[in-house]
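Undergrad: This is final.cif (mmCIF, N, CA and C atoms).
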```
data_run
#
loop_
_atom_site.label_atom_id
_atom_site.label_comp_id
_atom_site.auth_asym_id
_atom_site.auth_seq_id
_atom_site.Cartn_x
_atom_site.Cartn_y
_atom_site.Cartn_z
N MET U 27 -25.25 -1.10 -11.13
CA MET U 27 -25.46 -1.99 -10.01
C MET U 27 -24.14 -2.14 -9.25
N HIS U 28 -24.19 -2.06 -7.94
CA HIS U 28 -22.98 -2.23 -7.16
C HIS U 28 -23.13 -3.40 -6.22
N PHE U 29 -22.01 -3.81 -5.61
CA PHE U 29 -21.99 -5.06 -4.85
C PHE U 29 -21.57 -4.85 -3.41
N PHE U 30 -21.88 -3.70 -2.82
CA PHE U 30 -21.47 -3.47 -1.45
C PHE U 30 -22.11 -4.50 -0.53
N GLY U 31 -21.32 -4.98 0.40
CA GLY U 31 -21.82 -5.97 1.34
C GLY U 31 -21.78 -7.38 0.79
N SER U 32 -21.21 -7.60 -0.36
CA SER U 32 -21.15 -8.93 -0.95
C SER U 32 -20.23 -9.83 -0.14
N THR U 33 -20.52 -11.13 -0.17
CA THR U 33 -19.66 -12.09 0.52
C THR U 33 -18.64 -12.73 -0.41
N ASP U 34 -18.78 -12.50 -1.70
CA ASP U 34 -17.85 -13.05 -2.69
C ASP U 34 -16.51 -12.31 -2.57
N PRO U 35 -15.38 -13.05 -2.36
CA PRO U 35 -14.08 -12.39 -2.18
C PRO U 35 -13.68 -11.52 -3.38
N GLU U 36 -13.97 -11.97 -4.59
CA GLU U 36 -13.61 -11.19 -5.77
C GLU U 36 -14.40 -9.89 -5.82
N THR U 37 -15.65 -9.97 -5.48
CA THR U 37 -16.51 -8.79 -5.49
C THR U 37 -16.09 -7.82 -4.38
N ARG U 38 -15.74 -8.36 -3.22
CA ARG U 38 -15.28 -7.48 -2.13
C ARG U 38 -14.04 -6.71 -2.55
N THR U 39 -13.15 -7.35 -3.29
CA THR U 39 -11.96 -6.66 -3.80
C THR U 39 -12.38 -5.54 -4.73
N LEU U 40 -13.35 -5.80 -5.60
CA LEU U 40 -13.84 -4.76 -6.49
C LEU U 40 -14.46 -3.61 -5.69
N ASP U 41 -15.21 -3.96 -4.61
CA ASP U 41 -15.81 -2.94 -3.75
C ASP U 41 -14.73 -2.03 -3.20
N LYS U 42 -13.66 -2.62 -2.66
CA LYS U 42 -12.59 -1.84 -2.06
C LYS U 42 -11.91 -0.96 -3.10
N GLN U 43 -11.68 -1.49 -4.29
CA GLN U 43 -11.04 -0.71 -5.34
C GLN U 43 -11.95 0.44 -5.76
N PHE U 44 -13.25 0.18 -5.86
CA PHE U 44 -14.20 1.22 -6.25
C PHE U 44 -14.23 2.33 -5.20
N ILE U 45 -14.33 1.94 -3.94
CA ILE U 45 -14.38 2.92 -2.87
C ILE U 45 -13.08 3.72 -2.84
N PHE U 46 -11.95 3.04 -2.94
CA PHE U 46 -10.66 3.71 -2.90
C PHE U 46 -10.52 4.68 -4.06
N SER U 47 -10.85 4.24 -5.28
CA SER U 47 -10.68 5.12 -6.43
C SER U 47 -11.65 6.30 -6.36
N LYS U 48 -12.84 6.08 -5.86
CA LYS U 48 -13.83 7.15 -5.72
C LYS U 48 -13.34 8.18 -4.70
N GLU U 49 -12.73 7.70 -3.59
CA GLU U 49 -12.22 8.61 -2.58
C GLU U 49 -11.10 9.47 -3.15
N LEU U 50 -10.25 8.88 -3.98
CA LEU U 50 -9.15 9.65 -4.55
C LEU U 50 -9.66 10.77 -5.43
N VAL U 51 -10.69 10.50 -6.21
CA VAL U 51 -11.24 11.51 -7.09
C VAL U 51 -11.94 12.60 -6.28
N MET U 52 -12.63 12.20 -5.23
CA MET U 52 -13.41 13.16 -4.46
C MET U 52 -12.52 14.03 -3.57
N ARG U 53 -11.38 13.51 -3.15
CA ARG U 53 -10.47 14.28 -2.31
C ARG U 53 -9.65 15.21 -3.19
N THR U 54 -9.72 16.49 -2.96
CA THR U 54 -8.93 17.42 -3.75
C THR U 54 -8.09 18.29 -2.83
N ARG U 55 -6.88 18.53 -3.29
CA ARG U 55 -5.97 19.40 -2.57
C ARG U 55 -6.10 20.79 -3.14
N LYS U 56 -6.03 21.77 -2.31
CA LYS U 56 -6.05 23.15 -2.79
C LYS U 56 -4.66 23.59 -3.23
N ARG U 57 -3.66 23.06 -2.59
CA ARG U 57 -2.27 23.39 -2.90
C ARG U 57 -1.65 22.25 -3.70
N PRO U 58 -0.85 22.58 -4.70
CA PRO U 58 -0.23 21.51 -5.48
C PRO U 58 0.83 20.76 -4.67
N PRO U 59 1.00 19.48 -4.94
CA PRO U 59 2.09 18.75 -4.30
C PRO U 59 3.43 19.36 -4.71
N THR U 60 4.41 19.20 -3.87
CA THR U 60 5.73 19.73 -4.16
C THR U 60 6.37 18.92 -5.29
N HIS U 61 6.99 19.63 -6.22
CA HIS U 61 7.70 18.97 -7.32
C HIS U 61 8.86 18.17 -6.74
N PRO U 62 9.10 16.95 -7.25
CA PRO U 62 10.21 16.15 -6.72
C PRO U 62 11.57 16.82 -6.85
N GLY U 63 11.72 17.69 -7.84
CA GLY U 63 12.98 18.42 -7.98
C GLY U 63 13.24 19.35 -6.81
N ARG U 64 12.18 19.97 -6.30
CA ARG U 64 12.33 20.85 -5.13
C ARG U 64 12.70 20.03 -3.90
N ILE U 65 12.08 18.86 -3.77
CA ILE U 65 12.40 17.97 -2.65
C ILE U 65 13.85 17.52 -2.76
N LEU U 66 14.27 17.17 -3.96
CA LEU U 66 15.65 16.76 -4.20
C LEU U 66 16.62 17.88 -3.78
N LYS U 67 16.30 19.09 -4.19
CA LYS U 67 17.16 20.24 -3.87
C LYS U 67 17.18 20.53 -2.37
N ASN U 68 15.99 20.66 -1.78
CA ASN U 68 15.90 21.07 -0.37
C ASN U 68 16.32 20.01 0.63
N HIS U 69 16.09 18.75 0.30
CA HIS U 69 16.36 17.67 1.27
C HIS U 69 17.62 16.87 1.00
N HIS U 70 18.20 17.05 -0.17
CA HIS U 70 19.39 16.27 -0.50
C HIS U 70 20.56 17.14 -0.96
N LEU U 71 20.34 17.96 -1.98
CA LEU U 71 21.46 18.75 -2.51
C LEU U 71 21.92 19.82 -1.53
N ASP U 72 21.01 20.67 -1.07
CA ASP U 72 21.40 21.77 -0.19
C ASP U 72 22.06 21.29 1.11
N PRO U 73 21.46 20.31 1.82
CA PRO U 73 22.11 19.86 3.07
C PRO U 73 23.51 19.26 2.85
N LEU U 74 23.75 18.70 1.66
CA LEU U 74 25.06 18.11 1.37
C LEU U 74 25.99 19.09 0.66
N SER U 75 25.52 20.33 0.48
CA SER U 75 26.28 21.33 -0.28
C SER U 75 26.72 20.78 -1.64
N MET U 76 25.81 20.06 -2.27
CA MET U 76 26.09 19.41 -3.55
C MET U 76 25.50 20.25 -4.68
N THR U 77 26.22 20.37 -5.77
CA THR U 77 25.74 21.12 -6.93
C THR U 77 25.01 20.19 -7.89
N ILE U 78 24.32 20.79 -8.82
CA ILE U 78 23.66 20.02 -9.87
C ILE U 78 24.71 19.25 -10.67
N THR U 79 25.84 19.88 -10.93
CA THR U 79 26.92 19.22 -11.67
C THR U 79 27.45 18.01 -10.89
N ASP U 80 27.64 18.17 -9.58
CA ASP U 80 28.10 17.05 -8.75
C ASP U 80 27.13 15.88 -8.85
N LEU U 81 25.86 16.17 -8.70
CA LEU U 81 24.86 15.10 -8.73
C LEU U 81 24.76 14.47 -10.11
N SER U 82 24.82 15.27 -11.16
CA SER U 82 24.73 14.70 -12.51
C SER U 82 25.91 13.77 -12.77
N ASP U 83 27.09 14.13 -12.28
CA ASP U 83 28.26 13.25 -12.43
C ASP U 83 28.07 11.94 -11.67
N ILE U 84 27.56 12.03 -10.44
CA ILE U 84 27.34 10.83 -9.62
C ILE U 84 26.30 9.92 -10.26
N LEU U 85 25.23 10.52 -10.80
CA LEU U 85 24.14 9.72 -11.37
C LEU U 85 24.44 9.25 -12.80
N GLY U 86 25.42 9.87 -13.44
CA GLY U 86 25.73 9.49 -14.82
C GLY U 86 24.72 10.02 -15.82
N VAL U 87 24.20 11.22 -15.55
CA VAL U 87 23.27 11.87 -16.47
C VAL U 87 23.85 13.24 -16.83
N SER U 88 23.30 13.84 -17.88
CA SER U 88 23.80 15.16 -18.27
C SER U 88 23.40 16.22 -17.24
N ARG U 89 24.21 17.25 -17.16
CA ARG U 89 23.90 18.37 -16.28
C ARG U 89 22.58 19.00 -16.69
N LYS U 90 22.32 19.07 -17.97
CA LYS U 90 21.08 19.66 -18.47
C LYS U 90 19.85 18.89 -17.97
N THR U 91 19.92 17.56 -18.02
CA THR U 91 18.82 16.72 -17.54
C THR U 91 18.60 16.94 -16.05
N MET U 92 19.70 16.95 -15.28
CA MET U 92 19.58 17.12 -13.83
C MET U 92 19.06 18.51 -13.50
N SER U 93 19.52 19.51 -14.23
CA SER U 93 19.07 20.88 -14.00
C SER U 93 17.57 21.01 -14.24
N LYS U 94 17.06 20.36 -15.28
CA LYS U 94 15.62 20.42 -15.56
C LYS U 94 14.82 19.86 -14.39
N VAL U 95 15.27 18.73 -13.84
CA VAL U 95 14.55 18.12 -12.72
C VAL U 95 14.62 19.01 -11.49
N VAL U 96 15.82 19.43 -11.12
CA VAL U 96 16.00 20.23 -9.91
C VAL U 96 15.27 21.56 -10.00
N ASN U 97 15.24 22.14 -11.18
CA ASN U 97 14.58 23.44 -11.36
C ASN U 97 13.11 23.32 -11.78
N GLU U 98 12.54 22.13 -11.59
CA GLU U 98 11.12 21.86 -11.75
C GLU U 98 10.61 22.04 -13.18
N ARG U 99 11.49 21.80 -14.13
CA ARG U 99 11.09 21.85 -15.55
C ARG U 99 11.14 20.46 -16.19
N GLY U 100 11.56 19.47 -15.43
CA GLY U 100 11.65 18.10 -15.93
C GLY U 100 11.03 17.14 -14.94
N SER U 101 10.75 15.94 -15.43
CA SER U 101 10.08 14.92 -14.61
C SER U 101 11.05 13.82 -14.19
N ILE U 102 10.68 13.15 -13.12
CA ILE U 102 11.42 11.98 -12.67
C ILE U 102 10.95 10.79 -13.50
N THR U 103 11.84 10.22 -14.27
CA THR U 103 11.54 9.03 -15.07
C THR U 103 11.84 7.79 -14.23
N PRO U 104 11.37 6.62 -14.64
CA PRO U 104 11.74 5.40 -13.90
C PRO U 104 13.27 5.22 -13.81
N ASP U 105 13.98 5.52 -14.89
CA ASP U 105 15.44 5.40 -14.86
C ASP U 105 16.04 6.37 -13.84
N MET U 106 15.57 7.60 -13.83
CA MET U 106 16.07 8.59 -12.87
C MET U 106 15.72 8.18 -11.45
N ALA U 107 14.52 7.62 -11.25
CA ALA U 107 14.11 7.15 -9.92
C ALA U 107 15.06 6.07 -9.41
N LEU U 108 15.46 5.16 -10.30
CA LEU U 108 16.41 4.12 -9.91
C LEU U 108 17.76 4.72 -9.52
N ARG U 109 18.21 5.68 -10.30
CA ARG U 109 19.50 6.32 -10.02
C ARG U 109 19.46 7.09 -8.69
N LEU U 110 18.40 7.88 -8.49
CA LEU U 110 18.26 8.64 -7.25
C LEU U 110 18.13 7.73 -6.04
N SER U 111 17.38 6.65 -6.20
CA SER U 111 17.20 5.73 -5.07
C SER U 111 18.53 5.08 -4.68
N ARG U 112 19.35 4.77 -5.65
CA ARG U 112 20.66 4.19 -5.36
C ARG U 112 21.56 5.22 -4.68
N ALA U 113 21.57 6.43 -5.20
CA ALA U 113 22.46 7.47 -4.67
C ALA U 113 22.08 7.90 -3.26
N PHE U 114 20.79 8.00 -2.97
CA PHE U 114 20.34 8.53 -1.68
C PHE U 114 19.75 7.48 -0.75
N ASP U 115 19.89 6.21 -1.11
CA ASP U 115 19.40 5.10 -0.29
C ASP U 115 17.91 5.27 0.04
N THR U 116 17.16 5.52 -1.01
CA THR U 116 15.70 5.61 -0.90
C THR U 116 15.13 4.55 -1.83
N SER U 117 13.84 4.54 -2.00
CA SER U 117 13.23 3.60 -2.95
C SER U 117 12.91 4.33 -4.24
N PRO U 118 12.94 3.63 -5.37
CA PRO U 118 12.52 4.27 -6.61
C PRO U 118 11.05 4.68 -6.55
N GLU U 119 10.25 3.92 -5.81
CA GLU U 119 8.82 4.24 -5.68
C GLU U 119 8.61 5.60 -5.03
N LEU U 120 9.48 5.98 -4.10
CA LEU U 120 9.37 7.30 -3.49
C LEU U 120 9.39 8.38 -4.56
N TRP U 121 10.39 8.33 -5.44
CA TRP U 121 10.56 9.36 -6.46
C TRP U 121 9.43 9.31 -7.49
N LEU U 122 9.04 8.10 -7.88
CA LEU U 122 7.96 7.98 -8.86
C LEU U 122 6.62 8.43 -8.29
N ASN U 123 6.38 8.14 -7.01
CA ASN U 123 5.13 8.58 -6.38
C ASN U 123 5.09 10.09 -6.23
N LEU U 124 6.21 10.70 -5.90
CA LEU U 124 6.25 12.16 -5.83
C LEU U 124 5.89 12.75 -7.18
N GLN U 125 6.47 12.18 -8.26
CA GLN U 125 6.19 12.69 -9.60
C GLN U 125 4.74 12.44 -9.99
N LYS U 126 4.25 11.23 -9.69
CA LYS U 126 2.87 10.88 -10.02
C LYS U 126 1.88 11.82 -9.34
N ASN U 127 2.08 12.08 -8.05
CA ASN U 127 1.18 12.96 -7.32
C ASN U 127 1.21 14.37 -7.90
N TYR U 128 2.39 14.84 -8.24
CA TYR U 128 2.54 16.17 -8.84
C TYR U 128 1.81 16.22 -10.19
N ASP U 129 2.05 15.22 -11.03
CA ASP U 129 1.44 15.20 -12.36
C ASP U 129 -0.08 15.07 -12.30
N LEU U 130 -0.59 14.20 -11.43
CA LEU U 130 -2.04 14.02 -11.33
C LEU U 130 -2.73 15.28 -10.85
N TRP U 131 -2.15 15.94 -9.86
CA TRP U 131 -2.77 17.17 -9.37
C TRP U 131 -2.84 18.21 -10.48
N HIS U 132 -1.73 18.38 -11.21
CA HIS U 132 -1.71 19.37 -12.27
C HIS U 132 -2.66 18.99 -13.42
N ALA U 133 -2.72 17.71 -13.75
CA ALA U 133 -3.64 17.28 -14.80
C ALA U 133 -5.09 17.54 -14.38
N SER U 134 -5.40 17.28 -13.13
CA SER U 134 -6.78 17.50 -12.66
C SER U 134 -7.14 18.98 -12.63
N GLN U 135 -6.16 19.84 -12.43
CA GLN U 135 -6.41 21.28 -12.39
C GLN U 135 -6.41 21.93 -13.78
N ASN U 136 -5.58 21.42 -14.67
CA ASN U 136 -5.40 22.05 -15.98
C ASN U 136 -6.44 21.63 -17.00
N SER U 137 -7.10 20.51 -16.77
CA SER U 137 -8.11 20.05 -17.71
C SER U 137 -9.32 19.56 -16.93
N LYS U 138 -10.46 19.98 -17.35
CA LYS U 138 -11.71 19.53 -16.72
C LYS U 138 -12.44 18.52 -17.60
N ASP U 139 -11.89 18.22 -18.78
CA ASP U 139 -12.53 17.28 -19.70
C ASP U 139 -12.75 15.91 -19.06
N TRP U 140 -11.83 15.47 -18.22
CA TRP U 140 -11.93 14.15 -17.62
C TRP U 140 -13.17 14.03 -16.72
N LYS U 141 -13.70 15.15 -16.24
CA LYS U 141 -14.88 15.10 -15.37
C LYS U 141 -16.15 14.74 -16.14
N ARG U 142 -16.11 14.88 -17.46
CA ARG U 142 -17.29 14.54 -18.27
C ARG U 142 -17.40 13.03 -18.52
N VAL U 143 -16.37 12.28 -18.21
CA VAL U 143 -16.40 10.82 -18.42
C VAL U 143 -17.34 10.21 -17.39
N GLN U 144 -18.25 9.36 -17.87
CA GLN U 144 -19.22 8.70 -17.00
C GLN U 144 -18.67 7.35 -16.54
N PRO U 145 -18.90 6.99 -15.28
CA PRO U 145 -18.43 5.69 -14.79
C PRO U 145 -19.09 4.54 -15.55
N ILE U 146 -18.34 3.49 -15.77
CA ILE U 146 -18.87 2.28 -16.41
C ILE U 146 -19.58 1.46 -15.34
N LYS U 147 -20.78 1.07 -15.63
CA LYS U 147 -21.56 0.28 -14.67
C LYS U 147 -21.10 -1.17 -14.72
N MET U 148 -20.82 -1.72 -13.55
CA MET U 148 -20.38 -3.11 -13.43
C MET U 148 -21.60 -4.03 -13.44
N THR U 149 -21.43 -5.23 -13.96
CA THR U 149 -22.51 -6.23 -13.95
C THR U 149 -22.13 -7.39 -13.04
N ASN U 150 -23.09 -8.26 -12.78
CA ASN U 150 -22.84 -9.43 -11.94
C ASN U 150 -21.95 -10.45 -12.62
N GLN U 151 -21.94 -10.47 -13.93
CA GLN U 151 -21.22 -11.51 -14.65
C GLN U 151 -19.76 -11.13 -14.84
N VAL U 152 -18.91 -12.12 -14.62
CA VAL U 152 -17.50 -11.96 -14.90
C VAL U 152 -17.26 -12.70 -16.21
N HIS U 153 -16.75 -11.99 -17.20
CA HIS U 153 -16.53 -12.60 -18.50
C HIS U 153 -15.18 -13.28 -18.55
N ALA U 154 -15.18 -14.55 -18.94
CA ALA U 154 -13.93 -15.29 -19.07
C ALA U 154 -13.28 -14.91 -20.38
N SER U 155 -11.96 -14.73 -20.35
CA SER U 155 -11.25 -14.39 -21.59
C SER U 155 -11.04 -15.67 -22.40
N THR U 156 -11.11 -15.52 -23.71
CA THR U 156 -10.96 -16.70 -24.58
C THR U 156 -9.64 -16.67 -25.27
#
```
Rewrite the structure of this file - the entire thing - as structure tokens.
TA:
Amino acid sequence: MHFFGSTDPETRTLDKQFIFSKELVMRTRKRPPTHPGRILKNHHLDPLSMTITDLSDILGVSRKTMSKVVNERGSITPDMALRLSRAFDTSPELWLNLQKNYDLWHASQNSKDWKRVQPIKMTNQVHAST
């Protein structure tokens, strides 16, 4: 049972979340999102003529860790996102969203098991927690 067109503010919020989440699942990209390491290299390191070693020293991380990210073999962690955002005057959310989009696309392509999960049907009753 769904609640489209409901006048209840809480239900309308659920409607919007349902529609939004359904749209995300239904929208598929044919091309994978760019890895954040490639963006880091092409938009920050190369224009500044900065090396991986230079950046690792500035960020206070090992060269190996930075190399993994830049060469698309490592992920942007929350800690790395904070460091990159400070160094390049961006937001940590930018870096985390780039990583999230990359990871979600690859997860959706590499495994089809998640498509067998059936949606949970919502009821009219809201259960109070005890």
Undergrad: Measuring atom to atom with all atoms listed in the file, identify which of U:Thr60, U:Thr103, U:Thr79, U:Asn68 is nearest to U:Trp121.
TA: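 Checking each of U:Thr60, U:Thr103, U:Thr79, U:Asn68 against U:Trp121, counting all atoms listed in the file, the winner is U:Thr103.
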Undergrad: The PyMOL selection byres ((chain U and resi 127-131) around 8) on the file shown: which residues, as a list in words?
TA: Arg55, Arg57, Pro58, Pro59, Thr60, His61, Pro62, Trp121, Leu122, Asn123, Leu124, Gln125, Lys126, His132, Ala133, Ser134, Gln135, Asn136 and Ser137 of chain U
Undergrad: Skipping near chain neighbours, those fewer than 3 positions away, what residues fall within 6.5 Å of U:Ala107 using all atoms listed in the file, listed as a compact mmCIF listing (two decimals) with N, CA and C atoms, in the coordinates of the input?
TA:
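To be explicit, this is the file written out as part_38.txt:
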```
# COMPACT_ATOMS: atom_id res chain seq x y z
N ILE U 102 10.68 13.15 -13.12
CA ILE U 102 11.42 11.98 -12.67
C ILE U 102 10.95 10.79 -13.50
N THR U 103 11.84 10.22 -14.27
CA THR U 103 11.54 9.03 -15.07
C THR U 103 11.84 7.79 -14.23
N PRO U 104 11.37 6.62 -14.64
CA PRO U 104 11.74 5.40 -13.90
C PRO U 104 13.27 5.22 -13.81
N LEU U 110 18.40 7.88 -8.49
CA LEU U 110 18.26 8.64 -7.25
C LEU U 110 18.13 7.73 -6.04
N SER U 111 17.38 6.65 -6.20
CA SER U 111 17.20 5.73 -5.07
C SER U 111 18.53 5.08 -4.68
N ARG U 112 19.35 4.77 -5.65
CA ARG U 112 20.66 4.19 -5.36
C ARG U 112 21.56 5.22 -4.68
N SER U 117 13.84 4.54 -2.00
CA SER U 117 13.23 3.60 -2.95
C SER U 117 12.91 4.33 -4.24
N PRO U 118 12.94 3.63 -5.37
CA PRO U 118 12.52 4.27 -6.61
C PRO U 118 11.05 4.68 -6.55
N GLU U 119 10.25 3.92 -5.81
CA GLU U 119 8.82 4.24 -5.68
C GLU U 119 8.61 5.60 -5.03
N TRP U 121 10.39 8.33 -5.44
CA TRP U 121 10.56 9.36 -6.46
C TRP U 121 9.43 9.31 -7.49
N LEU U 122 9.04 8.10 -7.88
CA LEU U 122 7.96 7.98 -8.86
C LEU U 122 6.62 8.43 -8.29
```
Undergrad: Between atom CA of U:Trp140 and atom C of U:Val95, what is the distance, to one decimal in Å?
TA: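 One can read the atom CA of U:Trp140 to atom C of U:Val95 distance as 27.7 Å.
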Undergrad: With all atoms listed in the file as the counted atoms, please give the residues lying no more than 8 Å from U:Arg109, apart from itself and same-chain residues fewer than 4 positions off, as a tab-separated table (two decimals) with N, CA and C atoms, keeping the file's coordinate frame.
TA:
```
chain	number	residue	atom	x	y	z
U	84	ILE	N	27.56	12.03	-10.44
U	84	ILE	CA	27.34	10.83	-9.62
U	84	ILE	C	26.30	9.92	-10.26
U	85	LEU	N	25.23	10.52	-10.80
U	85	LEU	CA	24.14	9.72	-11.37
U	85	LEU	C	24.44	9.25	-12.80
U	86	GLY	N	25.42	9.87	-13.44
U	86	GLY	CA	25.73	9.49	-14.82
U	86	GLY	C	24.72	10.02	-15.82
U	103	THR	N	11.84	10.22	-14.27
U	103	THR	CA	11.54	9.03	-15.07
U	103	THR	C	11.84	7.79	-14.23
U	104	PRO	N	11.37	6.62	-14.64
U	104	PRO	CA	11.74	5.40	-13.90
U	104	PRO	C	13.27	5.22	-13.81
U	105	ASP	N	13.98	5.52	-14.89
U	105	ASP	CA	15.44	5.40	-14.86
U	105	ASP	C	16.04	6.37	-13.84
U	113	ALA	N	21.57	6.43	-5.20
U	113	ALA	CA	22.46	7.47	-4.67
U	113	ALA	C	22.08	7.90	-3.26
U	114	PHE	N	20.79	8.00	-2.97
U	114	PHE	CA	20.34	8.53	-1.68
U	114	PHE	C	19.75	7.48	-0.75
U	115	ASP	N	19.89	6.21	-1.11
U	115	ASP	CA	19.40	5.10	-0.29
U	115	ASP	C	17.91	5.27	0.04
U	118	PRO	N	12.94	3.63	-5.37
U	118	PRO	CA	12.52	4.27	-6.61
U	118	PRO	C	11.05	4.68	-6.55
```
